[in-house]
Amino acid sequence: MKKIPAPGDLDFVPIPGGDDPNFIFGVVRRQIKGGPVRTVPSSVLKRLCPGQKVDVTAPWVPSCYRWDVLLPPHANDEFLDPKRLCEKYEEQACSNLKDLFVMITLRFPNPDRLHRAWEDVRAFALERLCSERNVAVIAAMHLPVTVGSTNPPHIHLMAPARELQCFGFGPFVRPFSADAGKAMIAAEWAEWQRRLIGGE
């Protein structure tokens, strides 16, 4: 598939297709075509502090509606700090690293209650991404109405593209961190929602 520049000010190219228009998937890469060079800290922090000018070297003070760091079972507690997690990924990056993190955005145009949407997505990420795939996830919930936007509430799940072990980052998580990851995770999310509706 031919890579195209990221649209607008996005730092990833959303993978097209799928039945759910509220499920968006892509991979933030170090550089797309001739676009800017990205880092994990800068791309993650802009979602933890939406609409703000931020300094990745200063202490991180997330300002989004809700946020959390979810870890796989063998990860060290130090990585509950999103800044430390992102910096570690960069510290252990090889010189030709392309994949930074998987970006999953789930939009909720008509949420029942915001806390339910948050907890449902958080539980999904903890089970399907952290426990089953051994990846860390930084979750950020945005409530655009608070800044006068008509965009719906949404949650970003940002998963660094390598397994997180006790010593740091290990193997790459393909096909999860490739274009094929969209259909795979979209199907798991759809099944998760059906299970919730069915009360299982």
# chains A, B, ... in the order shown; residues from 1 in each chain; ligands from 1
>>> closest_atom_pairs(of="stretch 63-108 of chain A", to="stretch 112-128 of chain A", cutoff="9 Å", atoms="only C-alpha atoms", output="CSV")
residue,atom,partner,partner_atom,distance
A:Arg66,CA,A:Trp118,CA,8.2
A:Asp68,CA,A:Arg122,CA,8.6
A:Leu70,CA,A:Leu126,CA,6.4
A:Leu71,CA,A:Leu126,CA,7.5
A:Pro72,CA,A:Leu126,CA,7.7
A:Leu106,CA,A:Val121,CA,8.3
A:Phe108,CA,A:Ala117,CA,7.8
>>> closest_atom_pairs(of="stretch 80-104 of chain A", to="stretch 160-176 of chain A", cutoff="9 Å", atoms="only C-alpha atoms", output="tab-separated table")
residue	atom	partner	partner_atom	distance
A:Leu85	CA	A:Pro160	CA	8.9
A:Cys86	CA	A:Pro160	CA	8.0
A:Lys88	CA	A:Gly168	CA	7.3
A:Tyr89	CA	A:Phe169	CA	6.7
A:Gln92	CA	A:Phe169	CA	7.0
A:Ala93	CA	A:Phe169	CA	8.8
A:Asp99	CA	A:Ala161	CA	6.2
A:Leu100	CA	A:Ala161	CA	5.8
A:Phe101	CA	A:Pro160	CA	4.0
A:Val102	CA	A:Ala161	CA	6.2
A:Met103	CA	A:Pro160	CA	8.9
>>> write_last_selection(atoms="N, CA, C and O atoms", output="compact mmCIF listing (two decimals), in the first residue's frame")
# COMPACT_ATOMS: atom_id res chain seq x y z
N LEU A 85 7.35 6.44 30.53
CA LEU A 85 7.05 5.39 29.56
C LEU A 85 7.47 5.84 28.15
O LEU A 85 8.14 5.10 27.42
N CYS A 86 7.10 7.05 27.78
CA CYS A 86 7.41 7.56 26.44
C CYS A 86 8.91 7.77 26.26
O CYS A 86 9.47 7.47 25.19
N LYS A 88 11.28 6.16 27.77
CA LYS A 88 11.93 4.86 27.71
C LYS A 88 11.84 4.28 26.30
O LYS A 88 12.80 3.67 25.81
N TYR A 89 10.70 4.47 25.67
CA TYR A 89 10.56 3.97 24.29
C TYR A 89 11.60 4.61 23.38
O TYR A 89 12.23 3.93 22.56
N GLN A 92 15.20 3.35 24.05
CA GLN A 92 15.49 2.01 23.56
C GLN A 92 15.19 1.83 22.07
O GLN A 92 15.13 0.72 21.56
N ALA A 93 15.01 2.95 21.38
CA ALA A 93 14.71 2.89 19.95
C ALA A 93 15.98 2.66 19.14
O ALA A 93 17.03 3.23 19.42
N ASP A 99 8.00 2.50 13.54
CA ASP A 99 6.74 2.50 14.29
C ASP A 99 6.92 3.11 15.67
O ASP A 99 7.78 2.67 16.43
N LEU A 100 6.10 4.11 16.00
CA LEU A 100 6.15 4.71 17.33
C LEU A 100 5.05 4.15 18.21
O LEU A 100 5.31 3.50 19.21
N PHE A 101 3.80 4.41 17.85
CA PHE A 101 2.71 3.81 18.63
C PHE A 101 1.45 3.68 17.80
O PHE A 101 1.26 4.38 16.81
N VAL A 102 0.63 2.74 18.22
CA VAL A 102 -0.67 2.52 17.60
C VAL A 102 -1.65 3.53 18.20
O VAL A 102 -1.70 3.72 19.42
N MET A 103 -2.40 4.18 17.32
CA MET A 103 -3.39 5.16 17.75
C MET A 103 -4.79 4.62 17.43
O MET A 103 -5.13 4.40 16.27
>>> select_by_dssp(residues="chain A", states="strand (DSSP E or B)", output="ChimeraX atom specification")
/A:23-29,66-70,99-107,137-142,154-160,162-165,168-172
>>> atom_distance(atom1="atom CA of A:His142", atom2="atom CA of A:Tyr65")
5.3 Å
>>> residues_around(residues="stretch 147-153 of chain A", least_positions_apart="5", cutoff="8 Å", atoms="only C-alpha atoms", output="VMD selection string")
chain A and resid 107 to 111 141 to 142
>>> closest_residue(among="A:Ala180, A:Ala140, A:Val135, A:Leu157", to="A:Pro73", atoms="only C-alpha atoms")
A:Val135
>>> atom_distance(atom1="atom CA of A:Ala186", atom2="atom CA of A:Leu129")
12.5 Å
>>> residues_around(residues="A:Cys64", least_positions_apart="2", cutoff="12 Å", atoms="only C-alpha atoms", output="short mmCIF file (atom, residue, chain, number, x, y, z; two decimals) with all heavy atoms, in the first residue's frame")
data_model
loop_
_atom_site.label_atom_id
_atom_site.label_comp_id
_atom_site.auth_asym_id
_atom_site.auth_seq_id
_atom_site.Cartn_x
_atom_site.Cartn_y
_atom_site.Cartn_z
N VAL A 44 2.23 11.95 22.18
CA VAL A 44 1.37 11.55 23.29
C VAL A 44 0.96 12.77 24.12
O VAL A 44 -0.22 12.93 24.47
CB VAL A 44 2.07 10.50 24.17
CG1 VAL A 44 1.32 10.31 25.49
CG2 VAL A 44 2.19 9.18 23.44
N LEU A 45 1.91 13.64 24.42
CA LEU A 45 1.60 14.77 25.30
C LEU A 45 0.57 15.71 24.69
O LEU A 45 -0.25 16.28 25.41
CB LEU A 45 2.88 15.53 25.64
CG LEU A 45 2.73 16.66 26.66
CD1 LEU A 45 2.12 16.16 27.97
CD2 LEU A 45 4.07 17.34 26.92
N LYS A 46 0.57 15.85 23.38
CA LYS A 46 -0.42 16.75 22.78
C LYS A 46 -1.84 16.21 22.94
O LYS A 46 -2.80 16.98 22.92
CB LYS A 46 -0.09 17.03 21.31
CG LYS A 46 -0.47 15.96 20.33
CD LYS A 46 -0.19 16.45 18.91
CE LYS A 46 -0.75 15.51 17.87
NZ LYS A 46 -0.55 16.02 16.50
N ARG A 47 -1.96 14.91 23.17
CA ARG A 47 -3.29 14.35 23.41
C ARG A 47 -3.64 14.33 24.89
O ARG A 47 -4.81 14.33 25.25
CB ARG A 47 -3.37 12.95 22.80
CG ARG A 47 -3.36 13.05 21.27
CD ARG A 47 -3.25 11.72 20.58
NE ARG A 47 -3.40 11.89 19.14
CZ ARG A 47 -2.39 12.03 18.28
NH1 ARG A 47 -1.14 12.01 18.72
NH2 ARG A 47 -2.63 12.19 16.99
N LEU A 48 -2.64 14.32 25.73
CA LEU A 48 -2.91 14.47 27.16
C LEU A 48 -3.23 15.91 27.52
O LEU A 48 -3.89 16.17 28.53
CB LEU A 48 -1.70 13.99 27.97
CG LEU A 48 -1.43 12.48 27.95
CD1 LEU A 48 -0.13 12.17 28.70
CD2 LEU A 48 -2.59 11.70 28.56
N CYS A 49 -2.77 16.84 26.71
CA CYS A 49 -3.01 18.28 26.94
C CYS A 49 -3.55 18.91 25.67
O CYS A 49 -2.87 19.72 25.02
CB CYS A 49 -1.71 18.97 27.36
SG CYS A 49 -0.96 18.31 28.85
N PRO A 50 -4.76 18.56 25.26
CA PRO A 50 -5.28 19.03 23.97
C PRO A 50 -5.42 20.54 23.92
O PRO A 50 -5.85 21.18 24.88
CB PRO A 50 -6.65 18.33 23.87
CG PRO A 50 -7.02 18.02 25.28
CD PRO A 50 -5.74 17.73 26.00
N GLY A 51 -5.03 21.09 22.77
CA GLY A 51 -5.19 22.53 22.54
C GLY A 51 -4.20 23.41 23.27
O GLY A 51 -4.35 24.62 23.26
N GLN A 52 -3.20 22.83 23.90
CA GLN A 52 -2.23 23.60 24.66
C GLN A 52 -0.85 23.49 24.04
O GLN A 52 -0.50 22.49 23.43
CB GLN A 52 -2.14 23.11 26.11
CG GLN A 52 -3.41 23.30 26.92
CD GLN A 52 -3.21 22.79 28.33
OE1 GLN A 52 -3.28 21.59 28.58
NE2 GLN A 52 -2.93 23.69 29.25
N TRP A 60 4.96 16.67 33.22
CA TRP A 60 3.71 16.55 32.48
C TRP A 60 2.52 16.71 33.43
O TRP A 60 2.44 16.05 34.46
CB TRP A 60 3.63 15.18 31.81
CG TRP A 60 4.57 15.02 30.64
CD1 TRP A 60 5.65 15.80 30.33
CD2 TRP A 60 4.53 14.01 29.65
NE1 TRP A 60 6.27 15.33 29.21
CE2 TRP A 60 5.61 14.24 28.76
CE3 TRP A 60 3.69 12.92 29.42
CZ2 TRP A 60 5.86 13.42 27.66
CZ3 TRP A 60 3.94 12.10 28.32
CH2 TRP A 60 5.00 12.36 27.45
N VAL A 61 1.61 17.58 33.04
CA VAL A 61 0.39 17.81 33.81
C VAL A 61 -0.79 17.66 32.85
O VAL A 61 -1.24 18.63 32.24
CB VAL A 61 0.39 19.21 34.47
CG1 VAL A 61 -0.87 19.36 35.33
CG2 VAL A 61 1.65 19.43 35.29
N PRO A 62 -1.30 16.43 32.67
CA PRO A 62 -2.39 16.22 31.72
C PRO A 62 -3.60 17.07 32.05
O PRO A 62 -3.97 17.24 33.22
CB PRO A 62 -2.70 14.73 31.86
CG PRO A 62 -1.41 14.13 32.32
CD PRO A 62 -0.82 15.17 33.25
N ARG A 66 -10.15 12.87 31.10
CA ARG A 66 -9.67 11.77 31.93
C ARG A 66 -8.45 11.16 31.25
O ARG A 66 -8.32 11.23 30.03
CB ARG A 66 -10.74 10.67 32.13
CG ARG A 66 -11.93 11.12 32.94
CD ARG A 66 -12.85 9.97 33.27
NE ARG A 66 -12.29 9.11 34.33
CZ ARG A 66 -13.00 8.21 35.01
NH1 ARG A 66 -14.28 8.04 34.76
NH2 ARG A 66 -12.43 7.48 35.96
N TRP A 67 -7.60 10.52 32.04
CA TRP A 67 -6.45 9.84 31.45
C TRP A 67 -5.97 8.75 32.40
O TRP A 67 -6.29 8.75 33.59
CB TRP A 67 -5.31 10.83 31.15
CG TRP A 67 -4.64 11.39 32.39
CD1 TRP A 67 -5.07 12.44 33.14
CD2 TRP A 67 -3.45 10.90 33.00
NE1 TRP A 67 -4.23 12.65 34.19
CE2 TRP A 67 -3.21 11.72 34.13
CE3 TRP A 67 -2.56 9.86 32.72
CZ2 TRP A 67 -2.12 11.51 34.98
CZ3 TRP A 67 -1.47 9.67 33.56
CH2 TRP A 67 -1.26 10.49 34.67
N ASP A 68 -5.21 7.82 31.84
CA ASP A 68 -4.66 6.73 32.64
C ASP A 68 -3.56 6.06 31.84
O ASP A 68 -3.48 6.18 30.62
CB ASP A 68 -5.75 5.71 32.98
CG ASP A 68 -5.40 4.85 34.20
OD1 ASP A 68 -4.28 5.00 34.73
OD2 ASP A 68 -6.25 4.04 34.60
N ALA A 139 -4.23 6.11 27.86
CA ALA A 139 -5.59 6.46 27.46
C ALA A 139 -5.86 7.92 27.79
O ALA A 139 -5.48 8.40 28.86
CB ALA A 139 -6.59 5.56 28.19
N ALA A 140 -6.50 8.61 26.86
CA ALA A 140 -6.85 10.02 27.07
C ALA A 140 -8.26 10.26 26.56
O ALA A 140 -8.55 9.99 25.39
CB ALA A 140 -5.86 10.92 26.34
N MET A 141 -9.13 10.74 27.43
CA MET A 141 -10.51 11.05 27.05
C MET A 141 -10.65 12.55 26.84
O MET A 141 -10.25 13.35 27.70
CB MET A 141 -11.50 10.58 28.11
CG MET A 141 -12.95 10.72 27.71
SD MET A 141 -14.07 9.97 28.94
CE MET A 141 -15.59 9.85 27.98
N HIS A 142 -11.22 12.92 25.70
CA HIS A 142 -11.45 14.32 25.39
C HIS A 142 -12.94 14.62 25.39
O HIS A 142 -13.75 13.81 24.90
CB HIS A 142 -10.88 14.66 24.00
CG HIS A 142 -9.38 14.59 23.93
ND1 HIS A 142 -8.68 14.87 22.77
CD2 HIS A 142 -8.44 14.31 24.87
CE1 HIS A 142 -7.38 14.75 23.00
NE2 HIS A 142 -7.21 14.40 24.26
N LEU A 143 -13.30 15.77 25.90
CA LEU A 143 -14.67 16.24 25.92
C LEU A 143 -14.69 17.59 25.20
O LEU A 143 -14.60 18.65 25.84
CB LEU A 143 -15.17 16.36 27.37
CG LEU A 143 -16.66 16.59 27.59
CD1 LEU A 143 -17.49 15.49 26.94
CD2 LEU A 143 -16.96 16.68 29.08
N PRO A 144 -14.76 17.58 23.87
CA PRO A 144 -14.59 18.81 23.09
C PRO A 144 -15.59 19.92 23.42
O PRO A 144 -15.28 21.10 23.21
CB PRO A 144 -14.76 18.33 21.64
CG PRO A 144 -14.33 16.89 21.68
CD PRO A 144 -14.84 16.40 23.01
N THR A 146 -16.24 21.20 26.07
CA THR A 146 -15.69 22.11 27.09
C THR A 146 -14.89 23.26 26.48
O THR A 146 -14.61 24.24 27.15
CB THR A 146 -14.79 21.35 28.08
OG1 THR A 146 -13.71 20.72 27.36
CG2 THR A 146 -15.58 20.29 28.82
N VAL A 147 -14.52 23.12 25.20
CA VAL A 147 -13.81 24.22 24.52
C VAL A 147 -14.64 24.75 23.35
O VAL A 147 -14.12 25.34 22.42
CB VAL A 147 -12.41 23.78 24.04
CG1 VAL A 147 -11.52 23.53 25.24
CG2 VAL A 147 -12.47 22.56 23.13
N PRO A 153 -17.57 13.36 22.28
CA PRO A 153 -16.59 12.83 23.23
C PRO A 153 -15.86 11.66 22.59
O PRO A 153 -16.44 10.89 21.81
CB PRO A 153 -17.46 12.35 24.41
CG PRO A 153 -18.73 13.13 24.28
CD PRO A 153 -18.95 13.33 22.82
N HIS A 154 -14.59 11.52 22.91
CA HIS A 154 -13.82 10.43 22.32
C HIS A 154 -12.66 10.06 23.23
O HIS A 154 -12.25 10.84 24.08
CB HIS A 154 -13.31 10.79 20.91
CG HIS A 154 -12.51 12.05 20.85
ND1 HIS A 154 -13.10 13.29 20.68
CD2 HIS A 154 -11.17 12.27 20.94
CE1 HIS A 154 -12.16 14.22 20.66
NE2 HIS A 154 -10.98 13.63 20.82
N ILE A 155 -12.16 8.85 23.02
CA ILE A 155 -11.06 8.33 23.82
C ILE A 155 -9.94 7.88 22.89
O ILE A 155 -10.19 7.12 21.94
CB ILE A 155 -11.52 7.15 24.71
CG1 ILE A 155 -12.60 7.62 25.69
CG2 ILE A 155 -10.33 6.56 25.47
CD1 ILE A 155 -13.28 6.49 26.45
N HIS A 156 -8.74 8.36 23.15
CA HIS A 156 -7.56 7.90 22.43
C HIS A 156 -6.88 6.80 23.23
O HIS A 156 -6.65 6.96 24.44
CB HIS A 156 -6.56 9.05 22.24
CG HIS A 156 -7.06 10.20 21.44
ND1 HIS A 156 -7.42 10.10 20.11
CD2 HIS A 156 -7.27 11.51 21.77
CE1 HIS A 156 -7.81 11.27 19.66
NE2 HIS A 156 -7.74 12.14 20.66
#
